[in-house]
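Next up, query_36.txt (compact mmCIF, N, CA and C atoms):
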```
# COMPACT_ATOMS: atom_id res chain seq x y z
N MET A 1 108.13 63.59 149.31
CA MET A 1 108.80 63.34 150.55
C MET A 1 110.27 63.68 150.39
N GLY A 2 110.95 63.87 151.48
CA GLY A 2 112.38 64.14 151.44
C GLY A 2 113.01 63.87 152.78
N GLU A 3 114.28 63.54 152.77
CA GLU A 3 115.00 63.31 154.02
C GLU A 3 116.50 63.49 153.78
N VAL A 4 117.22 63.68 154.86
CA VAL A 4 118.68 63.76 154.83
C VAL A 4 119.20 62.64 155.71
N THR A 5 120.14 61.87 155.18
CA THR A 5 120.70 60.77 155.95
C THR A 5 122.22 60.82 155.85
N GLY A 6 122.87 60.42 156.91
CA GLY A 6 124.33 60.42 156.94
C GLY A 6 124.84 59.22 157.70
N ARG A 7 126.11 58.90 157.48
CA ARG A 7 126.72 57.81 158.23
C ARG A 7 128.22 58.04 158.37
N TRP A 8 128.77 57.47 159.41
CA TRP A 8 130.19 57.55 159.71
C TRP A 8 130.74 56.13 159.67
N LEU A 9 131.69 55.88 158.79
CA LEU A 9 132.32 54.57 158.66
C LEU A 9 133.72 54.65 159.26
N ALA A 10 133.84 54.28 160.53
CA ALA A 10 135.09 54.45 161.26
C ALA A 10 136.19 53.52 160.75
N GLU A 11 135.85 52.35 160.24
CA GLU A 11 136.86 51.38 159.81
C GLU A 11 137.38 51.65 158.39
N LEU A 12 136.72 52.54 157.65
CA LEU A 12 137.14 52.87 156.30
C LEU A 12 138.06 54.08 156.34
N SER A 13 138.99 54.17 155.40
CA SER A 13 139.92 55.29 155.37
C SER A 13 140.05 55.83 153.95
N HIS A 14 140.32 57.12 153.85
CA HIS A 14 140.71 57.70 152.58
C HIS A 14 142.12 57.21 152.28
N VAL A 15 142.47 57.12 151.01
CA VAL A 15 143.83 56.75 150.64
C VAL A 15 144.48 57.88 149.87
N SER A 16 145.79 57.96 149.98
CA SER A 16 146.53 58.97 149.22
C SER A 16 147.76 58.31 148.62
N ASP A 17 148.20 58.86 147.49
CA ASP A 17 149.38 58.30 146.84
C ASP A 17 150.64 58.85 147.48
N VAL A 18 151.59 57.96 147.78
CA VAL A 18 152.86 58.33 148.40
C VAL A 18 153.97 57.82 147.49
N TYR A 19 154.88 58.71 147.10
CA TYR A 19 155.99 58.35 146.22
C TYR A 19 157.26 58.25 147.04
N GLN A 20 158.02 57.16 146.82
CA GLN A 20 159.28 56.93 147.53
C GLN A 20 160.29 56.36 146.55
N ALA A 21 161.56 56.54 146.87
CA ALA A 21 162.61 55.91 146.06
C ALA A 21 162.55 54.40 146.28
N HIS A 22 162.79 53.64 145.21
CA HIS A 22 162.76 52.18 145.32
C HIS A 22 163.89 51.71 146.21
N ALA A 23 163.65 50.69 147.01
CA ALA A 23 164.64 50.23 147.99
C ALA A 23 165.88 49.60 147.35
N THR A 24 165.74 48.92 146.22
CA THR A 24 166.89 48.22 145.62
C THR A 24 167.28 48.72 144.24
N LEU A 25 166.41 49.46 143.57
CA LEU A 25 166.72 49.96 142.23
C LEU A 25 167.00 51.46 142.29
N PRO A 26 168.26 51.87 142.04
CA PRO A 26 168.56 53.30 142.09
C PRO A 26 167.92 54.05 140.93
N GLY A 27 167.42 55.24 141.20
CA GLY A 27 166.80 56.08 140.18
C GLY A 27 165.36 55.71 139.85
N VAL A 28 164.80 54.77 140.57
CA VAL A 28 163.40 54.34 140.33
C VAL A 28 162.55 54.80 141.50
N GLU A 29 161.45 55.44 141.16
CA GLU A 29 160.52 55.91 142.19
C GLU A 29 159.27 55.04 142.16
N THR A 30 158.78 54.64 143.31
CA THR A 30 157.58 53.81 143.39
C THR A 30 156.45 54.59 144.05
N MET A 31 155.23 54.20 143.70
CA MET A 31 154.05 54.84 144.27
C MET A 31 153.27 53.79 145.03
N ARG A 32 152.80 54.15 146.22
CA ARG A 32 151.98 53.26 147.04
C ARG A 32 150.73 54.02 147.49
N TRP A 33 149.65 53.27 147.65
CA TRP A 33 148.43 53.82 148.23
C TRP A 33 148.47 53.55 149.73
N LEU A 34 148.46 54.59 150.53
CA LEU A 34 148.49 54.45 151.98
C LEU A 34 147.28 55.13 152.60
N PRO A 35 146.75 54.58 153.70
CA PRO A 35 145.61 55.22 154.36
C PRO A 35 145.99 56.60 154.88
N ALA A 36 145.09 57.56 154.69
CA ALA A 36 145.37 58.94 155.11
C ALA A 36 144.56 59.30 156.35
N ASP A 37 143.32 59.60 156.18
CA ASP A 37 142.45 60.01 157.28
C ASP A 37 141.56 58.84 157.69
N PRO A 38 141.55 58.48 158.97
CA PRO A 38 140.66 57.38 159.38
C PRO A 38 139.21 57.83 159.40
N GLY A 39 138.33 56.96 158.92
CA GLY A 39 136.90 57.24 158.93
C GLY A 39 136.44 58.04 157.73
N ILE A 40 135.25 57.68 157.24
CA ILE A 40 134.64 58.39 156.13
C ILE A 40 133.22 58.78 156.54
N HIS A 41 132.87 60.03 156.30
CA HIS A 41 131.55 60.54 156.62
C HIS A 41 130.82 60.82 155.31
N THR A 42 129.65 60.23 155.14
CA THR A 42 128.86 60.45 153.94
C THR A 42 127.50 61.04 154.31
N ILE A 43 127.00 61.90 153.43
CA ILE A 43 125.67 62.51 153.61
C ILE A 43 124.92 62.35 152.29
N PHE A 44 123.66 61.94 152.38
CA PHE A 44 122.81 61.77 151.22
C PHE A 44 121.50 62.53 151.41
N LEU A 45 120.99 63.05 150.31
CA LEU A 45 119.65 63.65 150.27
C LEU A 45 118.77 62.67 149.51
N VAL A 46 117.59 62.40 150.04
CA VAL A 46 116.66 61.46 149.40
C VAL A 46 115.35 62.19 149.15
N THR A 47 114.87 62.09 147.93
CA THR A 47 113.58 62.67 147.59
C THR A 47 112.80 61.63 146.78
N GLY A 48 111.50 61.68 146.87
CA GLY A 48 110.72 60.69 146.15
C GLY A 48 109.24 61.00 146.19
N ALA A 49 108.51 60.12 145.53
CA ALA A 49 107.06 60.27 145.48
C ALA A 49 106.42 58.88 145.45
N LYS A 50 105.18 58.81 145.90
CA LYS A 50 104.42 57.56 145.88
C LYS A 50 103.08 57.83 145.22
N TRP A 51 102.66 56.89 144.35
CA TRP A 51 101.38 57.01 143.68
C TRP A 51 100.59 55.73 143.89
N ASN A 52 99.31 55.89 144.22
CA ASN A 52 98.41 54.74 144.33
C ASN A 52 97.87 54.47 142.94
N LEU A 53 98.38 53.41 142.29
CA LEU A 53 97.99 53.10 140.92
C LEU A 53 96.60 52.49 140.84
N ALA A 54 96.29 51.63 141.78
CA ALA A 54 94.99 50.97 141.84
C ALA A 54 94.71 50.65 143.30
N LYS A 55 93.71 49.84 143.53
CA LYS A 55 93.28 49.55 144.90
C LYS A 55 94.42 49.06 145.80
N SER A 56 95.21 48.09 145.35
CA SER A 56 96.26 47.50 146.19
C SER A 56 97.66 47.71 145.64
N TRP A 57 97.82 48.52 144.60
CA TRP A 57 99.12 48.74 143.97
C TRP A 57 99.64 50.13 144.27
N LEU A 58 100.93 50.21 144.65
CA LEU A 58 101.57 51.48 144.98
C LEU A 58 102.88 51.58 144.22
N LEU A 59 103.09 52.69 143.50
CA LEU A 59 104.32 52.94 142.76
C LEU A 59 105.19 53.90 143.57
N ASN A 60 106.45 53.52 143.84
CA ASN A 60 107.40 54.34 144.59
C ASN A 60 108.53 54.77 143.67
N THR A 61 108.87 56.04 143.68
CA THR A 61 110.04 56.55 142.95
C THR A 61 110.90 57.34 143.92
N ASN A 62 112.22 57.14 143.85
CA ASN A 62 113.15 57.82 144.74
C ASN A 62 114.40 58.25 144.00
N LEU A 63 115.01 59.32 144.46
CA LEU A 63 116.32 59.76 144.00
C LEU A 63 117.22 59.89 145.22
N LEU A 64 118.35 59.18 145.21
CA LEU A 64 119.35 59.27 146.26
C LEU A 64 120.47 60.14 145.72
N ILE A 65 120.68 61.31 146.33
CA ILE A 65 121.64 62.29 145.84
C ILE A 65 122.78 62.40 146.84
N ARG A 66 124.00 62.17 146.37
CA ARG A 66 125.17 62.23 147.24
C ARG A 66 125.54 63.69 147.49
N ALA A 67 125.70 64.06 148.76
CA ALA A 67 126.03 65.44 149.12
C ALA A 67 127.50 65.60 149.49
N THR A 68 128.23 64.49 149.68
CA THR A 68 129.66 64.54 149.99
C THR A 68 130.43 63.79 148.92
N ASP A 69 131.73 63.99 148.87
CA ASP A 69 132.56 63.35 147.85
C ASP A 69 133.33 62.13 148.37
N ALA A 70 132.94 61.58 149.50
CA ALA A 70 133.64 60.44 150.07
C ALA A 70 133.25 59.15 149.35
N GLY A 71 134.22 58.36 148.96
CA GLY A 71 133.96 57.06 148.38
C GLY A 71 133.67 57.11 146.89
N LEU A 72 133.52 55.95 146.31
CA LEU A 72 133.21 55.83 144.89
C LEU A 72 131.72 55.60 144.74
N ARG A 73 130.98 56.65 144.53
CA ARG A 73 129.53 56.57 144.44
C ARG A 73 129.05 57.40 143.26
N ALA A 74 127.92 57.00 142.72
CA ALA A 74 127.28 57.79 141.67
C ALA A 74 126.72 59.07 142.30
N ARG A 75 126.67 60.14 141.54
CA ARG A 75 126.16 61.41 142.05
C ARG A 75 124.66 61.29 142.36
N VAL A 76 123.89 60.65 141.46
CA VAL A 76 122.45 60.46 141.67
C VAL A 76 122.12 58.99 141.39
N THR A 77 121.35 58.37 142.29
CA THR A 77 120.93 56.98 142.12
C THR A 77 119.40 56.93 142.12
N PRO A 78 118.79 56.62 140.96
CA PRO A 78 117.33 56.53 140.92
C PRO A 78 116.85 55.13 141.35
N ALA A 79 115.65 55.06 141.88
CA ALA A 79 115.04 53.78 142.26
C ALA A 79 113.54 53.84 142.01
N ILE A 80 113.02 52.74 141.47
CA ILE A 80 111.58 52.61 141.23
C ILE A 80 111.14 51.26 141.77
N SER A 81 110.03 51.23 142.48
CA SER A 81 109.50 49.95 142.97
C SER A 81 107.98 49.98 142.91
N ILE A 82 107.42 48.79 142.84
CA ILE A 82 105.97 48.62 142.84
C ILE A 82 105.63 47.72 144.02
N ASP A 83 104.72 48.16 144.87
CA ASP A 83 104.29 47.41 146.04
C ASP A 83 102.85 46.93 145.83
N TYR A 84 102.59 45.76 146.37
CA TYR A 84 101.25 45.20 146.34
C TYR A 84 100.85 44.83 147.75
N ALA A 85 99.68 45.24 148.19
CA ALA A 85 99.16 44.91 149.51
C ALA A 85 98.13 43.80 149.38
N PHE A 86 98.41 42.68 150.04
CA PHE A 86 97.47 41.56 150.03
C PHE A 86 96.32 41.87 150.98
N GLU A 87 95.12 41.66 150.51
CA GLU A 87 93.94 41.93 151.33
C GLU A 87 93.47 40.66 152.01
N ARG A 88 92.81 40.80 153.14
CA ARG A 88 92.26 39.65 153.85
C ARG A 88 90.80 39.50 153.57
```
Rewrite the structure of this file - the entire thing - as structure tokens.
Amino acid sequence: MGEVTGRWLAELSHVSDVYQAHATLPGVETMRWLPADPGIHTIFLVTGAKWNLAKSWLLNTNLLIRATDAGLRARVTPAISIDYAFER
């Protein structure tokens, strides 16, 4: 299976470093992190597989792959889960 998912985070902003002369100390330069562009757009690719291990057991494997460089995220995030279906 595979899918593409994206999201827009309007309240989050990229930050950039801004250097200015210190207000009270001559010859000293200070650095501040200030918001640059409002909103962050992220896109992820998801791929995975499912295997029926036994009658009621299902093994799920997924890879979440980041397609954009926004935010602090791992390039690839693996996930494994086991599901059990209760029978009546």
8 Å contact set for Thr47 of chain A, only N, CA and C atoms, chain neighbours under 3 positions out, as a ChimeraX atom specification = /A:1-4,44,61-65
Store the residues picked out above in a file with N, CA and C atoms, as a PDB file, keeping the file's coordinate frame.
```
ATOM      1  N   MET A   1     108.130  63.590 149.310  1.00  0.00           N
ATOM      2  CA  MET A   1     108.800  63.340 150.550  1.00  0.00           C
ATOM      3  C   MET A   1     110.270  63.680 150.390  1.00  0.00           C
ATOM      4  N   GLY A   2     110.950  63.870 151.480  1.00  0.00           N
ATOM      5  CA  GLY A   2     112.380  64.140 151.440  1.00  0.00           C
ATOM      6  C   GLY A   2     113.010  63.870 152.780  1.00  0.00           C
ATOM      7  N   GLU A   3     114.280  63.540 152.770  1.00  0.00           N
ATOM      8  CA  GLU A   3     115.000  63.310 154.020  1.00  0.00           C
ATOM      9  C   GLU A   3     116.500  63.490 153.780  1.00  0.00           C
ATOM     10  N   VAL A   4     117.220  63.680 154.860  1.00  0.00           N
ATOM     11  CA  VAL A   4     118.680  63.760 154.830  1.00  0.00           C
ATOM     12  C   VAL A   4     119.200  62.640 155.710  1.00  0.00           C
ATOM     13  N   PHE A  44     123.660  61.940 152.380  1.00  0.00           N
ATOM     14  CA  PHE A  44     122.810  61.770 151.220  1.00  0.00           C
ATOM     15  C   PHE A  44     121.500  62.530 151.410  1.00  0.00           C
ATOM     16  N   THR A  61     108.870  56.040 143.680  1.00  0.00           N
ATOM     17  CA  THR A  61     110.040  56.550 142.950  1.00  0.00           C
ATOM     18  C   THR A  61     110.900  57.340 143.920  1.00  0.00           C
ATOM     19  N   ASN A  62     112.220  57.140 143.850  1.00  0.00           N
ATOM     20  CA  ASN A  62     113.150  57.820 144.740  1.00  0.00           C
ATOM     21  C   ASN A  62     114.400  58.250 144.000  1.00  0.00           C
ATOM     22  N   LEU A  63     115.010  59.320 144.460  1.00  0.00           N
ATOM     23  CA  LEU A  63     116.320  59.760 144.000  1.00  0.00           C
ATOM     24  C   LEU A  63     117.220  59.890 145.220  1.00  0.00           C
ATOM     25  N   LEU A  64     118.350  59.180 145.210  1.00  0.00           N
ATOM     26  CA  LEU A  64     119.350  59.270 146.260  1.00  0.00           C
ATOM     27  C   LEU A  64     120.470  60.140 145.720  1.00  0.00           C
ATOM     28  N   ILE A  65     120.680  61.310 146.330  1.00  0.00           N
ATOM     29  CA  ILE A  65     121.640  62.290 145.840  1.00  0.00           C
ATOM     30  C   ILE A  65     122.780  62.400 146.840  1.00  0.00           C
TER      31      ILE A  65
END
```
key: Selected residue, from A:Val28, A:Ala21, A:Leu12, A:Leu45, that lies nearest to Ala67 of chain A when counting all atoms listed in the file   =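 Ranked by minimum distance to Ala67 of chain A, first place goes to A:Leu45.
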request  = Might you pull out every residue within 9 Å of Thr42 of chain A, with only C-alpha atoms counted and same-chain residues fewer than 2 positions away left off, and present them as an MDAnalysis selection string?
outcome  = chainID A and resid 5:9 40 44 66:71
If you keep N, CA and C atoms, can you produce a file of those selected residues as a compact mmCIF listing (two decimals), keeping the file's coordinate frame?
```
# COMPACT_ATOMS: atom_id res chain seq x y z
N THR A 5 120.14 61.87 155.18
CA THR A 5 120.70 60.77 155.95
C THR A 5 122.22 60.82 155.85
N GLY A 6 122.87 60.42 156.91
CA GLY A 6 124.33 60.42 156.94
C GLY A 6 124.84 59.22 157.70
N ARG A 7 126.11 58.90 157.48
CA ARG A 7 126.72 57.81 158.23
C ARG A 7 128.22 58.04 158.37
N TRP A 8 128.77 57.47 159.41
CA TRP A 8 130.19 57.55 159.71
C TRP A 8 130.74 56.13 159.67
N LEU A 9 131.69 55.88 158.79
CA LEU A 9 132.32 54.57 158.66
C LEU A 9 133.72 54.65 159.26
N ILE A 40 135.25 57.68 157.24
CA ILE A 40 134.64 58.39 156.13
C ILE A 40 133.22 58.78 156.54
N PHE A 44 123.66 61.94 152.38
CA PHE A 44 122.81 61.77 151.22
C PHE A 44 121.50 62.53 151.41
N ARG A 66 124.00 62.17 146.37
CA ARG A 66 125.17 62.23 147.24
C ARG A 66 125.54 63.69 147.49
N ALA A 67 125.70 64.06 148.76
CA ALA A 67 126.03 65.44 149.12
C ALA A 67 127.50 65.60 149.49
N THR A 68 128.23 64.49 149.68
CA THR A 68 129.66 64.54 149.99
C THR A 68 130.43 63.79 148.92
N ASP A 69 131.73 63.99 148.87
CA ASP A 69 132.56 63.35 147.85
C ASP A 69 133.33 62.13 148.37
N ALA A 70 132.94 61.58 149.50
CA ALA A 70 133.64 60.44 150.07
C ALA A 70 133.25 59.15 149.35
N GLY A 71 134.22 58.36 148.96
CA GLY A 71 133.96 57.06 148.38
C GLY A 71 133.67 57.11 146.89
```
inquiry  = Considering all atoms listed in the file, can you say which of A:Leu58, A:Ala79, A:Val18, A:Ala10 comes closest to Gly39 of chain A?
reply    =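 Of all the options, A:Ala10 lies closest to Gly39 of chain A.
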Atomic distance atom C of Gly48 of chain A - atom N of Asn60 of chain A, expressed in Å with one decimal =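 Atom-to-atom, atom C of Gly48 of chain A to atom N of Asn60 of chain A, that is 8.3 Å.
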key: Shortest interatomic distance to Ala36 of chain A - which of A:Ile82, A:Lys55, A:Asp17, A:Glu87, counting only N, CA and C atoms   =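 Of all the options, A:Asp17 lies closest to Ala36 of chain A.
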note = One decimal place gives the atom C of Val15 of chain A-atom N of Ala74 of chain A separation as 18.1 Å
message = Report, in Å with one decimal, the straight-line distance from atom CA of Asn52 of chain A to atom N of Thr77 of chain A.
response = 23.3 Å
query = Using only N, CA and C atoms, which of A:Asp37, A:Arg32, A:Ala49, A:Leu25 sits nearest Ser13 of chain A?
reply = A:Asp37
request  = Among the residues of chain A, find those DSSP assigns to strand (DSSP E) from the backbone and print them as JSON, numbers by chain.
outcome  = {"A": [2, 3, 4, 5, 6, 7, 8, 9, 10, 11, 12, 13, 14, 15, 16, 17, 18, 19, 20, 21, 29, 30, 31, 32, 33, 34, 35, 36, 37, 38, 39, 40, 41, 42, 43, 44, 45, 46, 47, 48, 49, 50, 51, 52, 57, 58, 59, 60, 61, 62, 63, 64, 65, 66, 76, 77, 78, 79, 80, 81, 82, 83, 84]}
Reconstruct N, CA, C and O atoms of segment 2-27 of chain A from the incomplete input and present them as a PDB file, in the coordinates of the input.
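Result saved to result.pdb:
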```
ATOM      1  N   GLY A   2     110.950  63.870 151.480  1.00  0.00           N
ATOM      2  CA  GLY A   2     112.380  64.140 151.440  1.00  0.00           C
ATOM      3  C   GLY A   2     113.010  63.870 152.780  1.00  0.00           C
ATOM      4  O   GLY A   2     112.346  63.923 153.820  1.00  0.00           O
ATOM      5  N   GLU A   3     114.280  63.540 152.770  1.00  0.00           N
ATOM      6  CA  GLU A   3     115.000  63.310 154.020  1.00  0.00           C
ATOM      7  C   GLU A   3     116.500  63.490 153.780  1.00  0.00           C
ATOM      8  O   GLU A   3     116.967  63.473 152.640  1.00  0.00           O
ATOM      9  N   VAL A   4     117.220  63.680 154.860  1.00  0.00           N
ATOM     10  CA  VAL A   4     118.680  63.760 154.830  1.00  0.00           C
ATOM     11  C   VAL A   4     119.200  62.640 155.710  1.00  0.00           C
ATOM     12  O   VAL A   4     118.727  62.441 156.825  1.00  0.00           O
ATOM     13  N   THR A   5     120.140  61.870 155.180  1.00  0.00           N
ATOM     14  CA  THR A   5     120.700  60.770 155.950  1.00  0.00           C
ATOM     15  C   THR A   5     122.220  60.820 155.850  1.00  0.00           C
ATOM     16  O   THR A   5     122.785  61.254 154.858  1.00  0.00           O
ATOM     17  N   GLY A   6     122.870  60.420 156.910  1.00  0.00           N
ATOM     18  CA  GLY A   6     124.330  60.420 156.940  1.00  0.00           C
ATOM     19  C   GLY A   6     124.840  59.220 157.700  1.00  0.00           C
ATOM     20  O   GLY A   6     124.110  58.587 158.468  1.00  0.00           O
ATOM     21  N   ARG A   7     126.110  58.900 157.480  1.00  0.00           N
ATOM     22  CA  ARG A   7     126.720  57.810 158.230  1.00  0.00           C
ATOM     23  C   ARG A   7     128.220  58.040 158.370  1.00  0.00           C
ATOM     24  O   ARG A   7     128.840  58.721 157.557  1.00  0.00           O
ATOM     25  N   TRP A   8     128.770  57.470 159.410  1.00  0.00           N
ATOM     26  CA  TRP A   8     130.190  57.550 159.710  1.00  0.00           C
ATOM     27  C   TRP A   8     130.740  56.130 159.670  1.00  0.00           C
ATOM     28  O   TRP A   8     130.293  55.268 160.414  1.00  0.00           O
ATOM     29  N   LEU A   9     131.690  55.880 158.790  1.00  0.00           N
ATOM     30  CA  LEU A   9     132.320  54.570 158.660  1.00  0.00           C
ATOM     31  C   LEU A   9     133.720  54.650 159.260  1.00  0.00           C
ATOM     32  O   LEU A   9     134.668  55.080 158.608  1.00  0.00           O
ATOM     33  N   ALA A  10     133.840  54.280 160.530  1.00  0.00           N
ATOM     34  CA  ALA A  10     135.090  54.450 161.260  1.00  0.00           C
ATOM     35  C   ALA A  10     136.190  53.520 160.750  1.00  0.00           C
ATOM     36  O   ALA A  10     137.375  53.855 160.837  1.00  0.00           O
ATOM     37  N   GLU A  11     135.850  52.350 160.240  1.00  0.00           N
ATOM     38  CA  GLU A  11     136.860  51.380 159.810  1.00  0.00           C
ATOM     39  C   GLU A  11     137.380  51.650 158.390  1.00  0.00           C
ATOM     40  O   GLU A  11     138.347  51.041 157.970  1.00  0.00           O
ATOM     41  N   LEU A  12     136.720  52.540 157.650  1.00  0.00           N
ATOM     42  CA  LEU A  12     137.140  52.870 156.300  1.00  0.00           C
ATOM     43  C   LEU A  12     138.060  54.080 156.340  1.00  0.00           C
ATOM     44  O   LEU A  12     137.919  54.935 157.204  1.00  0.00           O
ATOM     45  N   SER A  13     138.990  54.170 155.400  1.00  0.00           N
ATOM     46  CA  SER A  13     139.920  55.290 155.370  1.00  0.00           C
ATOM     47  C   SER A  13     140.050  55.830 153.950  1.00  0.00           C
ATOM     48  O   SER A  13     139.922  55.095 152.980  1.00  0.00           O
ATOM     49  N   HIS A  14     140.320  57.120 153.850  1.00  0.00           N
ATOM     50  CA  HIS A  14     140.710  57.700 152.580  1.00  0.00           C
ATOM     51  C   HIS A  14     142.120  57.210 152.280  1.00  0.00           C
ATOM     52  O   HIS A  14     142.885  56.907 153.190  1.00  0.00           O
ATOM     53  N   VAL A  15     142.470  57.120 151.010  1.00  0.00           N
ATOM     54  CA  VAL A  15     143.830  56.750 150.640  1.00  0.00           C
ATOM     55  C   VAL A  15     144.480  57.880 149.870  1.00  0.00           C
ATOM     56  O   VAL A  15     143.801  58.681 149.215  1.00  0.00           O
ATOM     57  N   SER A  16     145.790  57.960 149.980  1.00  0.00           N
ATOM     58  CA  SER A  16     146.530  58.970 149.220  1.00  0.00           C
ATOM     59  C   SER A  16     147.760  58.310 148.620  1.00  0.00           C
ATOM     60  O   SER A  16     148.281  57.315 149.140  1.00  0.00           O
ATOM     61  N   ASP A  17     148.200  58.860 147.490  1.00  0.00           N
ATOM     62  CA  ASP A  17     149.380  58.300 146.840  1.00  0.00           C
ATOM     63  C   ASP A  17     150.640  58.850 147.480  1.00  0.00           C
ATOM     64  O   ASP A  17     150.773  60.044 147.713  1.00  0.00           O
ATOM     65  N   VAL A  18     151.590  57.960 147.780  1.00  0.00           N
ATOM     66  CA  VAL A  18     152.860  58.330 148.400  1.00  0.00           C
ATOM     67  C   VAL A  18     153.970  57.820 147.490  1.00  0.00           C
ATOM     68  O   VAL A  18     154.002  56.630 147.140  1.00  0.00           O
ATOM     69  N   TYR A  19     154.880  58.710 147.100  1.00  0.00           N
ATOM     70  CA  TYR A  19     155.990  58.350 146.220  1.00  0.00           C
ATOM     71  C   TYR A  19     157.260  58.250 147.040  1.00  0.00           C
ATOM     72  O   TYR A  19     157.564  59.130 147.854  1.00  0.00           O
ATOM     73  N   GLN A  20     158.020  57.160 146.820  1.00  0.00           N
ATOM     74  CA  GLN A  20     159.280  56.930 147.530  1.00  0.00           C
ATOM     75  C   GLN A  20     160.290  56.360 146.550  1.00  0.00           C
ATOM     76  O   GLN A  20     159.920  55.714 145.560  1.00  0.00           O
ATOM     77  N   ALA A  21     161.560  56.540 146.870  1.00  0.00           N
ATOM     78  CA  ALA A  21     162.610  55.910 146.060  1.00  0.00           C
ATOM     79  C   ALA A  21     162.550  54.400 146.280  1.00  0.00           C
ATOM     80  O   ALA A  21     162.288  53.926 147.383  1.00  0.00           O
ATOM     81  N   HIS A  22     162.790  53.640 145.210  1.00  0.00           N
ATOM     82  CA  HIS A  22     162.760  52.180 145.320  1.00  0.00           C
ATOM     83  C   HIS A  22     163.890  51.710 146.210  1.00  0.00           C
ATOM     84  O   HIS A  22     164.995  52.258 146.182  1.00  0.00           O
ATOM     85  N   ALA A  23     163.650  50.690 147.010  1.00  0.00           N
ATOM     86  CA  ALA A  23     164.640  50.230 147.990  1.00  0.00           C
ATOM     87  C   ALA A  23     165.880  49.600 147.350  1.00  0.00           C
ATOM     88  O   ALA A  23     166.990  49.752 147.860  1.00  0.00           O
ATOM     89  N   THR A  24     165.740  48.920 146.220  1.00  0.00           N
ATOM     90  CA  THR A  24     166.890  48.220 145.620  1.00  0.00           C
ATOM     91  C   THR A  24     167.280  48.720 144.240  1.00  0.00           C
ATOM     92  O   THR A  24     168.377  48.436 143.779  1.00  0.00           O
ATOM     93  N   LEU A  25     166.410  49.460 143.570  1.00  0.00           N
ATOM     94  CA  LEU A  25     166.720  49.960 142.230  1.00  0.00           C
ATOM     95  C   LEU A  25     167.000  51.460 142.290  1.00  0.00           C
ATOM     96  O   LEU A  25     166.099  52.254 142.553  1.00  0.00           O
ATOM     97  N   PRO A  26     168.260  51.870 142.040  1.00  0.00           N
ATOM     98  CA  PRO A  26     168.560  53.300 142.090  1.00  0.00           C
ATOM     99  C   PRO A  26     167.920  54.050 140.930  1.00  0.00           C
ATOM    100  O   PRO A  26     167.822  53.544 139.817  1.00  0.00           O
ATOM    101  N   GLY A  27     167.420  55.240 141.200  1.00  0.00           N
ATOM    102  CA  GLY A  27     166.800  56.080 140.180  1.00  0.00           C
ATOM    103  C   GLY A  27     165.360  55.710 139.850  1.00  0.00           C
ATOM    104  O   GLY A  27     164.784  56.273 138.931  1.00  0.00           O
TER     105      GLY A  27
END
```
